[in-house]
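Some notes on the structure that comes next.
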Amino acid sequence: MRLLTLTLAATLAAGAAFANPVSYADVVFNEDGGVEASLTGVAGNPEEGANIMKAKSIGNCVACHEITALADAPFHGNVGPILDGVADRWDATQLRGILVNAKMTYEGTVMPAYFKVDGYTRPGNAYTGKAAEGPLDPLLSAQQIEDVVAFLGTLKE
Amino acid sequence: MKFKPMSAIAALALSVPTLGMADADDDTLVINGEIEIVTKTAAPAHLSDALDEIISGWHFRDDGTQAMEMDDFDNPGMLGVEAAMDVWETVDGSEGKSCASCHGDVQESMKGVKAVYPKWNEAAGEVRNLQMQFNDCRTNRMGAEAWKYDAGDAKNMEALVTSVSRGMPVNVAIDGPAQAMWEQGKELYYTRTGQLDLSCASCHEENYGNMIRADHLSQGHINGFPVYRLKDTKLTTPQGRFKGCVRDTRAETYSPGSNEFLALELYVASRGNGLSVEGPSVRN
């Protein structure tokens, strides 16, 4: 997947306007693990993104990351790096890639893939402990990913 | 040593401000003013490429929770031990026997037992944990019904039999006939499961000392089991805990009492070889 040419990526970006939202199988990663094309073609809403990152039942990103701008949410963890200033380190392409499947950026990372739906061992039905029934939904929808990318883009120092 | 190649730089940057909160503390655990508990020691040889030191989960709890374990009167897990003392003496089943009929004083006869379980049983040709052994005695020697796995009587008896070994070093055998099952347990420990794609090692080997939301991650040892969990207000066995941890990876769990969890119990117990038996302990 990392070997796909720029031409292919460009094709997807162009086709994105009609074929949205994309599914994981259609996502094109660049060689750094970034995803250039919007998953939906609709600009993300940073306020929604902030809510998704805080909510335990949605993104629950603060379980592992400390983010000063989200200090109103209780209990930030420190399994992952502090995300303050993350937009100075990464552009939207790379941030989208980290959310879609962080393992394409960081080999072997413990950060879950928020848009990947297959290739898991003993996938469950959410947190019931029972087997999943039918195909998995991604942890975040395509638009939710775009919302989070938009919020992360505001984290500049 | 924590092995986190991709994030070494990030982890370094982050460990500075959080060091005080995140690290295991330096308190010492003495129960009832007399039972000294080894809560930190060198990792056993089979684990030395992954960890230098093994640390009891006790060190990762707050002072209040820690204190409850230092005196049996404050340890709610001891209520289960007391209940099991009665059961130990109570005749049950067609043979008119109690545990005491065969084993006498539990303090004497059961001392040291927990330290080496789960363990290979030669006659049965299988690895057994304590609950399996209890049920073998109940069905074959007492003519009584087997206890339901992980239900009240079984957990209380596990707490009683464990309590009389407190302070003794965990010393579970991993070679000989138990080795195949130990290897299976090791494989399970390092297998990432569920849609979050995390293994036991992701949390308890790579990230112990870190916070995951409000939880302070320990090394996930079972030397303190069964544990009295303040959150559940009851005793939890190793396999009960495993079930919760696997479920939290958004995976289909194994069932307590399954062969897979028995293998995992054997393997996880062996990671704690050298720590003291500490159960029933208190955790939040």
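Convention: chains lettered A, B, ... in structure tokens order; per-chain residue numbering from 1; ligands numbered from 1 as shown.
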
- [ ] Determine which residues of range 7-116 of chain B DSSP labels as alpha helix (DSSP H) from the backbone of this structure, then write them out as a ChimeraX atom specification.
- [x] /B:8-22,63-68,77-89,99-103,106-109

TODO: Report as a list in words the set of chain B residues whose atoms approach chain A to within 8 Å, with distances computed over only C-alpha atoms.
DONE: Met6, Ala10, Ala11, Leu14, Arg192, Thr193, Gly194, Gln195, Leu196, Asp197, Leu198, Ser202, Asn207, Asn210, Met211, Ile212, Arg213, Ala214, Lys243, Val246, Arg247, Asp248, Thr249, Arg250, Ala251, Glu252 and Thr253 of chain B

TODO: Determine the nearest neighbour of Arg89 in chain A from the options A:Asn101, A:Ser23, A:Thr154, A:Ser38, counting only C-alpha atoms.
DONE: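 Selected residue with least distance to Arg89 in chain A: A:Thr154.
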
TODO: Might you pull out every residue within 9 Å of Glu69 in chain B, with only C-alpha atoms counted and same-chain residues fewer than 5 positions away left off, and present them as a list of chain:residue names?
DONE: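 My list of contacting residues is B:Leu29, B:Val30, B:Ile31, B:Asn32, B:Trp58, B:Asp74, B:Asn75, B:Pro76, B:Gly77, B:Pro280, B:Ser281, B:Val282, B:Arg283.
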
Same residues, N, CA and C atoms, saved as a JSON list (two decimals), in the first residue's frame:
```
[["chain", "number", "residue", "atom", "x", "y", "z"],
["B", 29, "LEU", "N", 5.53, -2.94, 52.29],
["B", 29, "LEU", "CA", 4.30, -3.61, 52.72],
["B", 29, "LEU", "C", 4.60, -4.67, 53.78],
["B", 30, "VAL", "N", 4.07, -4.42, 54.97],
["B", 30, "VAL", "CA", 4.13, -5.41, 56.05],
["B", 30, "VAL", "C", 2.69, -5.59, 56.52],
["B", 31, "ILE", "N", 2.22, -6.82, 56.54],
["B", 31, "ILE", "CA", 0.82, -7.08, 56.89],
["B", 31, "ILE", "C", 0.73, -7.48, 58.37],
["B", 32, "ASN", "N", -0.20, -6.87, 59.08],
["B", 32, "ASN", "CA", -0.41, -7.13, 60.51],
["B", 32, "ASN", "C", 0.86, -6.91, 61.32],
["B", 58, "TRP", "N", 0.39, -3.51, 44.15],
["B", 58, "TRP", "CA", 0.19, -2.71, 45.37],
["B", 58, "TRP", "C", 0.84, -1.34, 45.26],
["B", 74, "ASP", "N", -8.79, -4.32, 58.38],
["B", 74, "ASP", "CA", -9.20, -3.31, 57.40],
["B", 74, "ASP", "C", -9.35, -3.89, 56.00],
["B", 75, "ASN", "N", -8.97, -5.14, 55.82],
["B", 75, "ASN", "CA", -8.96, -5.75, 54.48],
["B", 75, "ASN", "C", -10.28, -6.48, 54.26],
["B", 76, "PRO", "N", -11.17, -5.93, 53.41],
["B", 76, "PRO", "CA", -12.48, -6.57, 53.23],
["B", 76, "PRO", "C", -12.36, -7.96, 52.61],
["B", 77, "GLY", "N", -11.25, -8.26, 51.96],
["B", 77, "GLY", "CA", -11.04, -9.59, 51.40],
["B", 77, "GLY", "C", -10.99, -10.66, 52.47],
["B", 280, "PRO", "N", -5.43, -12.39, 50.04],
["B", 280, "PRO", "CA", -6.25, -11.48, 49.24],
["B", 280, "PRO", "C", -5.78, -10.04, 49.43],
["B", 281, "SER", "N", -5.51, -9.37, 48.33],
["B", 281, "SER", "CA", -5.05, -7.99, 48.40],
["B", 281, "SER", "C", -6.22, -7.05, 48.15],
["B", 282, "VAL", "N", -5.95, -5.75, 48.26],
["B", 282, "VAL", "CA", -6.99, -4.74, 48.05],
["B", 282, "VAL", "C", -6.56, -3.85, 46.89],
["B", 283, "ARG", "N", -7.46, -3.69, 45.93],
["B", 283, "ARG", "CA", -7.19, -2.82, 44.78],
["B", 283, "ARG", "C", -8.43, -1.98, 44.50]]
```

Open item on the list: One decimal, in Å: what's the spacing between CA of Gln184 in chain B and CA of Tyr267 in chain B?
Closed with: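 Answer for the CA of Gln184 in chain B to CA of Tyr267 in chain B separation: 8.3 Å.
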